[in-house]
Structure formats: C-alpha cells, structure tokens
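Engineer: Contents of model33.txt (compact mmCIF, C-alpha atoms and all ligand atoms) are given next:
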```
# COMPACT_ATOMS: atom_id res chain seq x y z
CA MET G 1 0.00 0.00 0.00
CA ASP G 2 2.74 2.39 1.07
CA ASN G 3 4.81 1.38 -1.92
CA ASP G 4 1.91 2.03 -4.26
CA HIS G 5 1.53 5.44 -2.69
CA ASP G 6 5.29 6.17 -3.00
CA ASP G 7 5.30 5.06 -6.62
CA LYS G 8 2.34 7.28 -7.38
CA SER G 9 3.84 10.33 -5.70
CA LYS G 10 7.16 9.69 -7.49
CA LYS G 11 5.34 9.42 -10.81
CA ASP G 12 3.41 12.61 -10.07
CA LYS G 13 6.67 14.42 -9.34
CA ILE G 14 8.21 13.18 -12.60
CA ASP G 15 5.14 14.22 -14.59
CA ILE G 16 5.20 17.69 -13.05
CA ILE G 17 8.92 18.14 -13.76
CA MET G 18 8.62 16.88 -17.36
CA LYS G 19 5.64 19.12 -18.05
CA ARG G 20 7.43 22.12 -16.54
CA LYS G 21 10.57 21.47 -18.65
CA GLU G 22 8.48 21.41 -21.80
CA GLU G 23 6.63 24.56 -20.79
CA HIS G 24 9.92 26.36 -20.14
CA ILE G 25 11.18 25.42 -23.59
CA ASN G 26 7.96 26.37 -25.37
CA ILE G 27 7.61 29.68 -23.54
CA CYS G 28 11.23 30.55 -24.36
CA LEU G 29 10.60 29.69 -28.02
CA ASP G 30 7.27 31.51 -28.39
CA GLN G 31 7.23 34.48 -26.00
CA PRO G 32 9.37 37.52 -25.21
CA VAL G 33 11.24 36.38 -22.09
CA GLN G 34 14.10 38.81 -21.97
CA ALA G 35 14.60 41.81 -19.70
CA LYS G 36 12.30 44.67 -20.68
CA SER G 37 14.06 47.83 -19.58
CA VAL G 38 17.33 46.63 -18.06
CA ARG G 39 20.41 46.15 -20.21
CA THR G 40 23.47 43.99 -19.68
CA LEU G 41 25.44 47.28 -19.79
CA PHE G 42 28.00 45.85 -22.20
CA SER G 43 26.99 48.81 -24.38
CA ASP G 44 28.67 51.01 -21.74
CA VAL G 45 31.99 49.19 -22.27
CA LYS G 46 33.98 50.68 -25.13
CA LEU G 47 36.88 48.74 -26.58
CA LEU G 48 39.38 51.01 -28.32
CA ASN G 49 39.57 50.58 -32.07
CA ASN G 50 43.13 49.77 -33.09
CA SER G 51 43.87 51.01 -36.61
CA LEU G 52 47.31 49.44 -36.45
CA PRO G 53 46.57 45.93 -35.17
CA GLU G 54 49.86 44.65 -36.74
CA ILE G 55 48.42 41.15 -37.05
CA ASP G 56 46.72 39.13 -39.79
CA TYR G 57 43.19 37.94 -39.11
CA ASP G 58 44.19 34.40 -40.05
CA ASP G 59 46.96 34.34 -37.45
CA ILE G 60 44.60 35.03 -34.55
CA ASP G 61 44.40 32.19 -32.04
CA THR G 62 41.06 32.18 -30.17
CA SER G 63 41.80 29.02 -28.16
CA THR G 64 41.85 28.99 -24.39
CA SER G 65 41.54 26.58 -21.51
CA PHE G 66 39.03 26.51 -18.70
CA LEU G 67 39.26 24.28 -15.62
CA GLY G 68 41.93 22.23 -17.38
CA LYS G 69 39.97 21.68 -20.58
CA LYS G 70 40.91 23.14 -23.95
CA PHE G 71 38.34 25.24 -25.86
CA SER G 72 38.79 26.43 -29.47
CA ALA G 73 37.29 29.74 -28.33
CA PRO G 74 36.10 31.09 -24.97
CA PHE G 75 32.49 30.09 -25.50
CA MET G 76 30.06 27.50 -24.26
CA VAL G 77 26.34 26.88 -24.52
CA GLY G 78 24.69 27.74 -21.21
CA ALA G 79 22.65 25.30 -19.13
CA MET G 80 19.19 24.72 -20.54
CA THR G 81 17.49 21.46 -20.42
CA GLY G 82 16.94 17.71 -20.11
CA GLY G 83 14.19 15.51 -18.71
CA ALA G 84 11.74 15.68 -21.62
CA GLU G 85 11.60 14.34 -25.17
CA LEU G 86 12.09 17.73 -26.82
CA ALA G 87 14.94 18.37 -24.38
CA LYS G 88 16.68 15.24 -25.62
CA ARG G 89 16.67 16.55 -29.20
CA ILE G 90 17.97 19.93 -27.99
CA ASN G 91 20.81 18.38 -25.97
CA SER G 92 21.65 16.03 -28.82
CA ASN G 93 22.00 18.86 -31.37
CA ILE G 94 23.93 21.15 -29.05
CA ALA G 95 26.32 18.35 -28.11
CA GLU G 96 27.02 17.40 -31.71
CA ALA G 97 27.73 21.04 -32.60
CA VAL G 98 30.02 21.81 -29.64
CA GLU G 99 31.94 18.59 -30.19
CA GLU G 100 32.66 19.58 -33.79
CA LEU G 101 33.55 23.13 -32.83
CA GLY G 102 35.73 22.21 -29.82
CA LEU G 103 33.59 24.11 -27.34
CA GLY G 104 31.44 23.07 -24.37
CA MET G 105 27.95 22.96 -22.92
CA ALA G 106 26.15 22.72 -19.61
CA LEU G 107 23.07 20.58 -19.16
CA GLY G 108 19.87 21.73 -17.51
CA SER G 109 19.00 20.65 -13.99
CA GLN G 110 19.32 16.86 -13.74
CA ARG G 111 16.92 16.44 -10.86
CA ALA G 112 14.40 14.67 -13.11
CA ALA G 113 16.92 11.91 -13.87
CA LEU G 114 17.20 11.10 -10.17
CA TYR G 115 13.48 10.39 -9.99
CA ASP G 116 13.26 8.38 -13.17
CA LYS G 117 16.04 6.38 -14.79
CA ALA G 118 14.09 6.41 -18.06
CA LEU G 119 14.84 10.13 -18.37
CA GLU G 120 18.60 9.62 -18.14
CA ASP G 121 19.04 9.39 -21.88
CA THR G 122 17.74 12.96 -22.32
CA TYR G 123 21.04 13.93 -20.62
CA THR G 124 23.41 11.09 -21.56
CA ILE G 125 22.75 11.82 -25.25
CA ALA G 126 25.01 14.84 -24.72
CA ARG G 127 28.04 12.76 -23.76
CA LYS G 128 27.23 10.23 -26.46
CA ASN G 129 27.35 12.97 -29.11
CA ALA G 130 30.20 14.89 -27.51
CA PRO G 131 32.74 12.38 -26.23
CA ASN G 132 35.48 15.02 -25.91
CA ALA G 133 33.75 18.34 -25.29
CA PHE G 134 33.44 20.01 -21.90
CA ILE G 135 30.05 19.08 -20.42
CA GLY G 136 28.70 20.40 -17.14
CA ALA G 137 26.31 18.52 -14.85
CA ASN G 138 23.67 20.63 -13.08
CA ILE G 139 21.75 20.71 -9.81
CA GLY G 140 19.85 23.46 -8.00
CA GLY G 141 20.60 25.32 -4.79
CA ALA G 142 17.07 24.51 -3.60
CA GLN G 143 17.85 20.78 -3.89
CA ILE G 144 21.01 21.29 -1.85
CA SER G 145 18.97 23.07 0.80
CA ALA G 146 16.55 20.14 0.75
CA GLY G 147 19.49 17.88 1.62
CA MET G 148 20.37 16.18 -1.66
CA LYS G 149 22.85 13.39 -0.92
CA ILE G 150 26.45 13.40 -2.15
CA ASP G 151 25.86 9.93 -3.62
CA ASP G 152 23.08 11.35 -5.78
CA ILE G 153 25.25 14.25 -6.87
CA ASN G 154 28.04 11.86 -7.82
CA ARG G 155 25.52 9.83 -9.77
CA LEU G 156 24.54 12.91 -11.81
CA ILE G 157 28.21 13.64 -12.53
CA GLU G 158 28.98 10.05 -13.50
CA MET G 159 25.83 9.75 -15.62
CA ILE G 160 27.33 12.09 -18.20
CA ASP G 161 31.01 11.76 -17.28
CA ALA G 162 30.82 15.49 -16.54
CA ASP G 163 33.85 17.77 -16.61
CA ALA G 164 32.34 19.97 -13.89
CA LEU G 165 29.26 20.31 -11.71
CA TYR G 166 27.12 23.44 -11.90
CA VAL G 167 25.08 24.46 -8.88
CA HIS G 168 22.42 26.89 -10.02
CA LEU G 169 21.29 29.59 -7.62
CA ASN G 170 17.79 30.72 -8.57
CA PRO G 171 15.98 32.30 -5.60
CA THR G 172 14.20 34.82 -7.86
CA GLN G 173 12.84 32.03 -10.04
CA GLU G 174 11.70 30.07 -6.99
CA ILE G 175 9.75 33.12 -5.77
CA VAL G 176 7.79 33.49 -9.00
CA GLN G 177 7.47 29.84 -10.07
CA PRO G 178 4.00 28.42 -9.37
CA GLU G 179 5.52 25.30 -7.71
CA GLY G 180 8.56 27.23 -6.47
CA GLU G 181 10.51 26.10 -3.43
CA ALA G 182 11.85 29.31 -1.91
CA ARG G 183 14.07 27.44 0.52
CA TYR G 184 17.66 28.57 0.51
CA LYS G 185 18.82 27.77 4.04
CA ASN G 186 22.19 26.04 4.35
CA VAL G 187 23.03 26.24 0.65
CA MET G 188 26.50 27.69 1.36
CA GLU G 189 27.24 24.87 3.76
CA GLY G 190 25.98 22.39 1.18
CA ILE G 191 28.17 23.90 -1.53
CA SER G 192 31.22 23.68 0.78
CA MET G 193 30.48 20.04 1.40
CA ILE G 194 30.03 19.35 -2.30
CA VAL G 195 33.28 21.15 -3.19
CA ASN G 196 35.08 18.99 -0.63
CA SER G 197 33.41 15.74 -1.65
CA VAL G 198 33.09 15.55 -5.43
CA LYS G 199 36.08 14.84 -7.62
CA LYS G 200 35.17 17.33 -10.37
CA PRO G 201 35.39 21.12 -10.35
CA VAL G 202 32.29 22.90 -9.02
CA ILE G 203 30.84 26.06 -10.59
CA ALA G 204 28.08 28.17 -9.03
CA LYS G 205 25.79 29.95 -11.46
CA GLU G 206 22.82 32.27 -11.41
CA VAL G 207 20.01 31.81 -13.92
CA GLY G 208 19.80 35.40 -15.19
CA PHE G 209 19.75 37.70 -12.15
CA GLY G 210 23.49 38.18 -11.62
CA ILE G 211 25.85 37.50 -8.72
CA SER G 212 26.90 40.26 -6.31
CA PRO G 213 30.52 40.71 -5.17
CA MET G 214 29.42 39.75 -1.63
CA VAL G 215 27.96 36.45 -2.78
CA ALA G 216 31.03 35.85 -4.95
CA LYS G 217 33.27 36.36 -1.90
CA LYS G 218 31.20 33.87 0.09
CA LEU G 219 31.38 31.37 -2.76
CA GLU G 220 35.13 31.92 -3.04
CA SER G 221 35.48 31.02 0.64
CA THR G 222 34.02 27.57 -0.12
CA LYS G 223 36.96 26.98 -2.52
CA ILE G 224 34.54 26.69 -5.41
CA ASP G 225 36.33 26.49 -8.77
CA ALA G 226 34.45 29.14 -10.77
CA VAL G 227 31.33 31.27 -10.97
CA GLU G 228 29.03 31.80 -13.95
CA ILE G 229 27.48 35.23 -13.66
CA ALA G 230 24.24 34.75 -15.65
CA GLY G 231 23.38 38.39 -15.09
CA MET G 232 20.37 40.53 -15.93
CA GLY G 233 19.79 41.82 -19.44
CA GLY G 234 19.04 38.57 -21.27
CA THR G 235 16.61 35.79 -20.36
CA SER G 236 14.53 36.57 -17.27
CA TYR G 237 13.24 33.51 -15.49
CA ALA G 238 10.78 35.74 -13.62
CA ALA G 239 9.32 36.37 -17.07
CA VAL G 240 9.27 32.68 -18.00
CA GLU G 241 7.46 31.79 -14.77
CA TRP G 242 5.11 34.79 -15.23
CA TYR G 243 3.71 33.14 -18.38
CA ARG G 244 3.18 29.87 -16.51
CA ALA G 245 1.53 31.63 -13.54
CA LYS G 246 -0.75 33.52 -15.94
CA GLU G 247 -1.80 30.30 -17.66
CA MET G 248 -2.60 28.78 -14.25
CA GLY G 249 -4.53 31.88 -13.12
CA LEU G 250 -2.27 32.44 -10.09
CA GLU G 251 -2.78 36.15 -9.59
CA GLN G 252 -0.22 36.69 -6.84
CA LYS G 253 2.51 34.87 -8.78
CA VAL G 254 1.60 36.89 -11.88
CA ASP G 255 2.10 40.10 -9.89
CA LEU G 256 5.41 38.84 -8.52
CA GLY G 257 6.56 37.89 -12.03
CA ASN G 258 5.74 41.37 -13.23
CA LEU G 259 7.52 43.02 -10.35
CA PHE G 260 10.70 40.95 -10.63
CA TRP G 261 10.79 40.67 -14.45
CA ASP G 262 13.75 43.06 -14.60
CA TRP G 263 15.18 42.27 -11.15
CA GLY G 264 18.88 41.62 -10.84
CA ILE G 265 22.39 42.84 -11.52
CA PRO G 266 23.26 43.70 -15.12
CA THR G 267 25.79 41.21 -16.47
CA ALA G 268 28.61 43.70 -17.13
CA ALA G 269 28.13 45.24 -13.66
CA SER G 270 28.24 41.83 -11.99
CA LEU G 271 31.36 40.92 -13.97
CA TYR G 272 33.18 44.15 -13.09
CA MET G 273 32.27 43.97 -9.38
CA ILE G 274 33.22 40.32 -8.89
CA LYS G 275 36.46 40.76 -10.82
CA ARG G 276 37.31 43.76 -8.62
CA HIS G 277 36.82 41.79 -5.38
CA SER G 278 37.73 38.17 -6.06
CA LYS G 279 40.13 35.96 -7.95
CA LEU G 280 37.45 33.51 -9.03
CA PRO G 281 37.55 32.36 -12.67
CA LEU G 282 34.37 33.78 -14.22
CA VAL G 283 32.06 32.69 -17.00
CA ALA G 284 30.33 35.81 -18.33
CA SER G 285 26.74 35.15 -19.34
CA GLY G 286 23.25 36.58 -19.29
CA GLY G 287 22.25 38.52 -22.39
CA ILE G 288 25.52 38.11 -24.29
CA ARG G 289 24.29 38.21 -27.87
CA ASN G 290 27.22 38.78 -30.21
CA GLY G 291 30.97 38.38 -30.64
CA VAL G 292 31.75 41.97 -29.68
CA GLU G 293 30.04 41.48 -26.31
CA MET G 294 32.04 38.27 -25.90
CA ALA G 295 35.25 40.24 -26.56
CA LYS G 296 34.21 42.94 -24.08
CA ALA G 297 33.54 40.33 -21.39
CA MET G 298 36.95 38.73 -22.00
CA ALA G 299 38.70 42.13 -21.90
CA MET G 300 36.99 42.73 -18.53
CA GLY G 301 38.57 39.55 -17.20
CA ALA G 302 36.13 36.71 -17.90
CA SER G 303 37.66 33.28 -18.50
CA LEU G 304 34.84 32.16 -20.76
CA THR G 305 31.50 33.37 -22.10
CA ALA G 306 28.20 31.51 -22.39
CA MET G 307 24.89 31.98 -24.13
CA ALA G 308 21.61 30.10 -23.66
CA LEU G 309 18.39 31.49 -25.18
CA PRO G 310 19.65 32.28 -28.72
CA ILE G 311 20.84 28.66 -29.08
CA LEU G 312 17.44 27.21 -28.18
CA ARG G 313 15.68 27.62 -31.53
CA PRO G 314 18.52 26.31 -33.70
CA ALA G 315 18.87 23.41 -31.24
CA THR G 316 15.25 22.36 -31.83
CA LYS G 317 16.12 22.05 -35.54
CA SER G 318 19.51 20.43 -36.14
CA ALA G 319 23.13 20.23 -35.05
CA LYS G 320 24.02 22.08 -38.27
CA ASP G 321 21.76 24.99 -37.32
CA VAL G 322 23.49 25.21 -33.93
CA LYS G 323 26.91 24.97 -35.56
CA ASP G 324 26.08 27.68 -38.11
CA PHE G 325 24.78 29.98 -35.40
CA ILE G 326 27.85 29.56 -33.19
CA SER G 327 30.25 29.77 -36.15
CA LYS G 328 28.84 33.21 -37.01
CA LEU G 329 29.40 34.33 -33.42
CA LEU G 330 32.97 33.10 -33.50
CA VAL G 331 33.66 35.10 -36.68
CA GLU G 332 32.31 38.19 -34.92
CA PHE G 333 34.49 37.43 -31.90
CA LYS G 334 37.63 36.91 -33.97
CA SER G 335 36.86 40.11 -35.91
CA ALA G 336 36.68 42.03 -32.63
CA MET G 337 40.03 40.52 -31.60
CA PHE G 338 41.50 41.70 -34.91
CA LEU G 339 40.14 45.21 -34.41
CA VAL G 340 41.64 45.56 -30.94
CA GLY G 341 44.93 44.04 -32.10
CA ALA G 342 44.79 40.94 -29.89
CA LYS G 343 46.37 37.89 -31.48
CA ASN G 344 45.43 35.54 -28.66
CA ILE G 345 43.21 35.40 -25.58
CA ASP G 346 45.98 36.52 -23.20
CA GLU G 347 46.38 39.68 -25.24
CA LEU G 348 42.62 40.19 -25.42
CA ARG G 349 42.47 40.11 -21.64
CA ARG G 350 44.94 43.00 -21.53
CA VAL G 351 43.42 45.38 -24.10
CA PRO G 352 42.29 48.80 -22.87
CA PHE G 353 38.62 49.66 -22.50
CA VAL G 354 36.61 52.58 -21.21
CA ILE G 355 33.59 52.28 -18.92
CA THR G 356 30.91 54.85 -19.59
CA GLY G 357 27.30 55.62 -18.67
CA GLU G 358 25.43 53.63 -16.04
CA LEU G 359 28.18 51.03 -15.78
CA ALA G 360 30.51 53.78 -14.53
CA ILE G 361 28.18 54.16 -11.51
CA TRP G 362 28.46 50.45 -10.73
CA LYS G 363 32.24 50.69 -11.21
CA ASP G 364 32.44 53.58 -8.77
CA TYR G 365 30.39 51.63 -6.24
CA ALA G 366 32.60 48.54 -6.61
CA ASP G 367 35.84 50.55 -6.45
CA LYS G 368 34.80 52.05 -3.10
CA LEU G 369 33.42 48.82 -1.68
CA VAL G 370 35.42 47.22 1.11
CA LEU G 371 34.92 43.46 1.36
C1 LIG G 401 15.01 27.20 -21.94
C2 LIG G 401 15.97 27.52 -20.82
C3 LIG G 401 16.12 26.61 -19.78
C4 LIG G 401 17.03 26.87 -18.73
N1 LIG G 401 17.21 25.92 -17.76
C5 LIG G 401 18.22 26.06 -16.86
C6 LIG G 401 18.54 25.02 -15.95
O1 LIG G 401 17.91 23.95 -15.92
N2 LIG G 401 19.57 25.22 -15.09
C7 LIG G 401 20.30 26.37 -15.11
O2 LIG G 401 21.29 26.48 -14.36
N3 LIG G 401 20.00 27.41 -15.93
C8 LIG G 401 18.99 27.28 -16.81
N4 LIG G 401 18.71 28.30 -17.70
C9 LIG G 401 19.39 29.60 -17.55
C10 LIG G 401 20.58 29.77 -18.51
O3 LIG G 401 21.59 28.83 -18.23
C11 LIG G 401 21.18 31.17 -18.47
O4 LIG G 401 21.83 31.37 -17.24
C12 LIG G 401 20.16 32.29 -18.68
O5 LIG G 401 19.23 31.91 -19.67
C13 LIG G 401 20.81 33.60 -19.11
O6 LIG G 401 21.50 33.49 -20.33
P1 LIG G 401 20.87 34.00 -21.74
O7 LIG G 401 20.44 35.42 -21.53
O8 LIG G 401 21.98 33.85 -22.73
O9 LIG G 401 19.72 33.10 -22.05
C14 LIG G 401 17.78 28.08 -18.73
C15 LIG G 401 17.61 29.00 -19.78
C16 LIG G 401 16.72 28.75 -20.82
C17 LIG G 401 16.57 29.76 -21.93
```
Translate this structure into structure tokens?
Ligand SMILES: Cc1cc2nc3c(=O)[nH]c(=O)nc-3n(C[C@H](O)[C@H](O)[C@H](O)COP(=O)(O)O)c2cc1C

Structural biologist:
Amino acid sequence: MDNDHDDKSKKDKIDIIMKRKEEHINICLDQPVQAKSVRTLFSDVKLLNNSLPEIDYDDIDTSTSFLGKKFSAPFMVGAMTGGAELAKRINSNIAEAVEELGLGMALGSQRAALYDKALEDTYTIARKNAPNAFIGANIGGAQISAGMKIDDINRLIEMIDADALYVHLNPTQEIVQPEGEARYKNVMEGISMIVNSVKKPVIAKEVGFGISPMVAKKLESTKIDAVEIAGMGGTSYAAVEWYRAKEMGLEQKVDLGNLFWDWGIPTAASLYMIKRHSKLPLVASGGIRNGVEMAKAMAMGASLTAMALPILRPATKSAKDVKDFISKLLVEFKSAMFLVGAKNIDELRRVPFVITGELAIWKDYADKLVL
C-alpha cells in the first residue's frame, strides 16, 4: 500500500517536472522572455579601435583553456534542459555542434533523472554525441537546501562523465514559479560540502539575475572552482514563470513575475564587481548576444563566455543549425580581436577599454566597496 503510494507520488513528481521542462522550452521559443528595460550594460563598455593591429586575421588564435579543458574559443552553450523528449533533441543537437567546434555545454538541472532512470538518456545523449567536449552537470541550490545526498550528486556527474558540476542559484525564479521552493537555508554549507566531496570542479551559477561581489566572496570562501554570472539583461526567469503563472490563473505569482521581471544585476556590472573583489575564474553570461560582447567580457577579465536562449531555436532544428549559429558568433568574436589588435586570448584580456554611462556608476560603487 505504502509502496503504491510512494510510486504514485514519485510518478506525479516526474510528470510535473517533465511538463514544466516542456513549458519552459515552449515559452522561451514563443514568448518575449528577456529583460524589458534593463540592459546587460555591455553597451557602456567601449573597446578602443586599433587602426594598427599589426596582425593578420588568419593568425589570430582564439583558443583557451578553462578548468583544465581546452576550448577552441572562450564560449560555451549555457545550461538549458533535459528531462523531456524535446529536451533530448535539444541536448543532442547542441552536443554534436560543440563537439565539432571544440567548445562546451552545460546541461539543464538533472533532478528529473534522479526520480526516473528512463529520463537519463535525455542527458546522456550529450556525452554520447560529444565524447570530448566540456560538459557540465547541473543541480539546484534549492535541492542542496533540501538535503540532496552526495551519492546522488556523484551519480549525476557520472551519468554524463561530466567535466564539472554546476550548482544553479535561482531564488528569484523560486519566488515566481508556481511550484517554487523558496528554501535557501544552508546552501553555502551544502556547496562547501560538495566542493570537498566531489572529484570534479564545481561552478556556481545564477540563472539570469546576476551575482553580487558579496555572494562571490562567500562562494570563493568555499573553494569553489568558478562562478558563472548569468546576469540581468538577457533571459529573465521571472518572465518565464510569469507566463506559466498567468496560464494557471495564479494572480499573486503573476504580480510577482511582473515586479521581478527586470530584477537583478546587469551582467557587465556583476562581472566588473566580482572581478574587482575576487580571484574567481568567471564565465560571463546573461544577455551576451554577439561576438563583440564576448570580446568585451573577455577584456573585462572573464575566462569564458556563455549563451543560452539564442541557441534554443537552432537546437530544436539540427546540429548544423546550432553549428552555423555559433560559427557566425565566432567570426564576430575573432573580428573584434582583430580590431583591438589581440592575437590571442591573453592579449585580449589586456586590451584597454573605457567604462561609460550607467556602468561607470556600478564601477564607482565597486571601487569604493570594502569586502
Ligand atoms: C530554456 C531555458 C532553460 C534553462 N534551464 C536552466 C537550468 O535547468 N539550469 C540552469 O542552471 N540554468 C537554466 N537556464 C538559464 C541559462 O543557463 C542562463 O543562465 C540564462 O538563460 C541567461 O542566459 P541568456 O540570456 O543567454 O539566455 C535556462 C535558460 C533557458 C533559456
């Protein structure tokens, strides 16, 4: 009797997660889900045009390494999905493309695979199609707070032979999400334990609301290996959950989604502030939309850049569509390197830039901040 009940509640949980995953994908494909009036502030970063680059475009080397893994360029596809049939196709196409291009990807939250082994292949398809590329496993801060076991975390890592484990921090999403679990007690302690227990590097990431220098400092004290900023200015998960709340007629959640749609720290501001106050390797993400913004993020000290939403549509079509999309970005990035006279990533990270406009206010704040 009890077993029947457990099986039913497990199945209910799986159904809810699968349905939610599909809704997230479809909303992101069909609706405007990006920040409305907040920008990443990369437009306030000005790289200086170099009319005497003294290099040939073809001699530029965009390769870099991140957490011990070589990348042909400092770019990876940000965490998106898994746990549903459409998600499997998306992960399959992204994996095939990043393998061919020598880049990397992170998977979406793998919680669903812990409940149901049958969903594993929506994640393992990534490693199957990308035997050499960097692939990140993914779990949520809320699951850590709920006491997820180290054995389960290791299982998620092993499932895809991951190169790193991402822990996503998404309190804003949990507030707006109809089934949200706004429980974030003991997440720091949990992250410390994970960093000490798992054999792979651990990366903390936001989901589009940015990480403050204070939180970065706390994360650094856990000996975490890197932070992915996922700042404000691109996809807003308050927006994504707003559409779901609206569909369900949950008035209070709709209001919260509206209020927090543009909540968060603009990506360039988060990047500058964390760089100013910590030595953590940083993945710049959240609203990065072209190769010039990638170059700006690298000049500001990022180790890598990532993009999620713009890859989603091509990934529903084919690996070639993903590859074509990313290849165009990489041409833009290499062109920017040419125009600032950087023949490799080390040089790019030393080129001059000017901070203007609203970002200058964030800079001033960070420069005066004592942490
Ligand atoms: C369809 C979709 C699903 C996502 N699912 C996850 C997830 O499961 N785990 C996670 O850490 N981030 C998730 N994200 C957040 C992204 O990794 C990224 O941080 C955010 O979208 C900001 O980047 P962007 O503006 O380039 O989209 C998701 C984003 C999208 C668009």

Engineer: Can I get the residues close to ligand LIG 401 (chain G) as number ranges by chain, where close means within 7 Å and we count all atoms listed in the file?

Structural biologist: G: 24-25, 28, 78-81, 107-109, 138, 167-168, 205-208, 230-231, 233-235, 285-288, 306-310, 312

Engineer: Would you kindly return, as a PyMOL selection string, each protein, DNA or RNA residue with an atom no farther than 10 Å from any atom of Pro178 (chain G), considering only C-alpha atoms and excluding same-chain residues fewer than 4 positions away?

Structural biologist: chain G and resi 173-174+241-242+244-246+248-250+252-254

Engineer: One decimal, Å: what's the distance from CA of Arg350 (chain G) over to CA of Gly210 (chain G), could you say?

Structural biologist: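 We find that CA of Arg350 (chain G) and CA of Gly210 (chain G) lie 24.1 Å from each other.
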
Engineer: When you count all atoms listed in the file, which of these residues is closest to Met18 (chain G): G:Val77, G:Ala112, G:Val198, G:Ile60?

Structural biologist: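 Checking each candidate against Met18 (chain G), we get G:Ala112 as the closest.
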
Engineer: Write out as JSON, numbers by chain each polymer residue whose atoms come within 12 Å of Pro352 (chain G), counting all atoms listed in the file; drop sequence neighbours fewer than 3 positions from it.

Structural biologist: {"G": [45, 46, 47, 48, 49, 50, 295, 296, 298, 299, 300, 301, 340, 341, 342, 347, 348, 349, 355]}

Engineer: Hey, can you spit out that residue selection with C-alpha atoms as a PDB file, keeping the file's coordinate frame?

Structural biologist:
```pdb
ATOM      1  CA  VAL G  45      31.990  49.190 -22.270  1.00  0.00           C
ATOM      2  CA  LYS G  46      33.980  50.680 -25.130  1.00  0.00           C
ATOM      3  CA  LEU G  47      36.880  48.740 -26.580  1.00  0.00           C
ATOM      4  CA  LEU G  48      39.380  51.010 -28.320  1.00  0.00           C
ATOM      5  CA  ASN G  49      39.570  50.580 -32.070  1.00  0.00           C
ATOM      6  CA  ASN G  50      43.130  49.770 -33.090  1.00  0.00           C
ATOM      7  CA  ALA G 295      35.250  40.240 -26.560  1.00  0.00           C
ATOM      8  CA  LYS G 296      34.210  42.940 -24.080  1.00  0.00           C
ATOM      9  CA  MET G 298      36.950  38.730 -22.000  1.00  0.00           C
ATOM     10  CA  ALA G 299      38.700  42.130 -21.900  1.00  0.00           C
ATOM     11  CA  MET G 300      36.990  42.730 -18.530  1.00  0.00           C
ATOM     12  CA  GLY G 301      38.570  39.550 -17.200  1.00  0.00           C
ATOM     13  CA  VAL G 340      41.640  45.560 -30.940  1.00  0.00           C
ATOM     14  CA  GLY G 341      44.930  44.040 -32.100  1.00  0.00           C
ATOM     15  CA  ALA G 342      44.790  40.940 -29.890  1.00  0.00           C
ATOM     16  CA  GLU G 347      46.380  39.680 -25.240  1.00  0.00           C
ATOM     17  CA  LEU G 348      42.620  40.190 -25.420  1.00  0.00           C
ATOM     18  CA  ARG G 349      42.470  40.110 -21.640  1.00  0.00           C
ATOM     19  CA  ILE G 355      33.590  52.280 -18.920  1.00  0.00           C
TER      20      ILE G 355
END
```
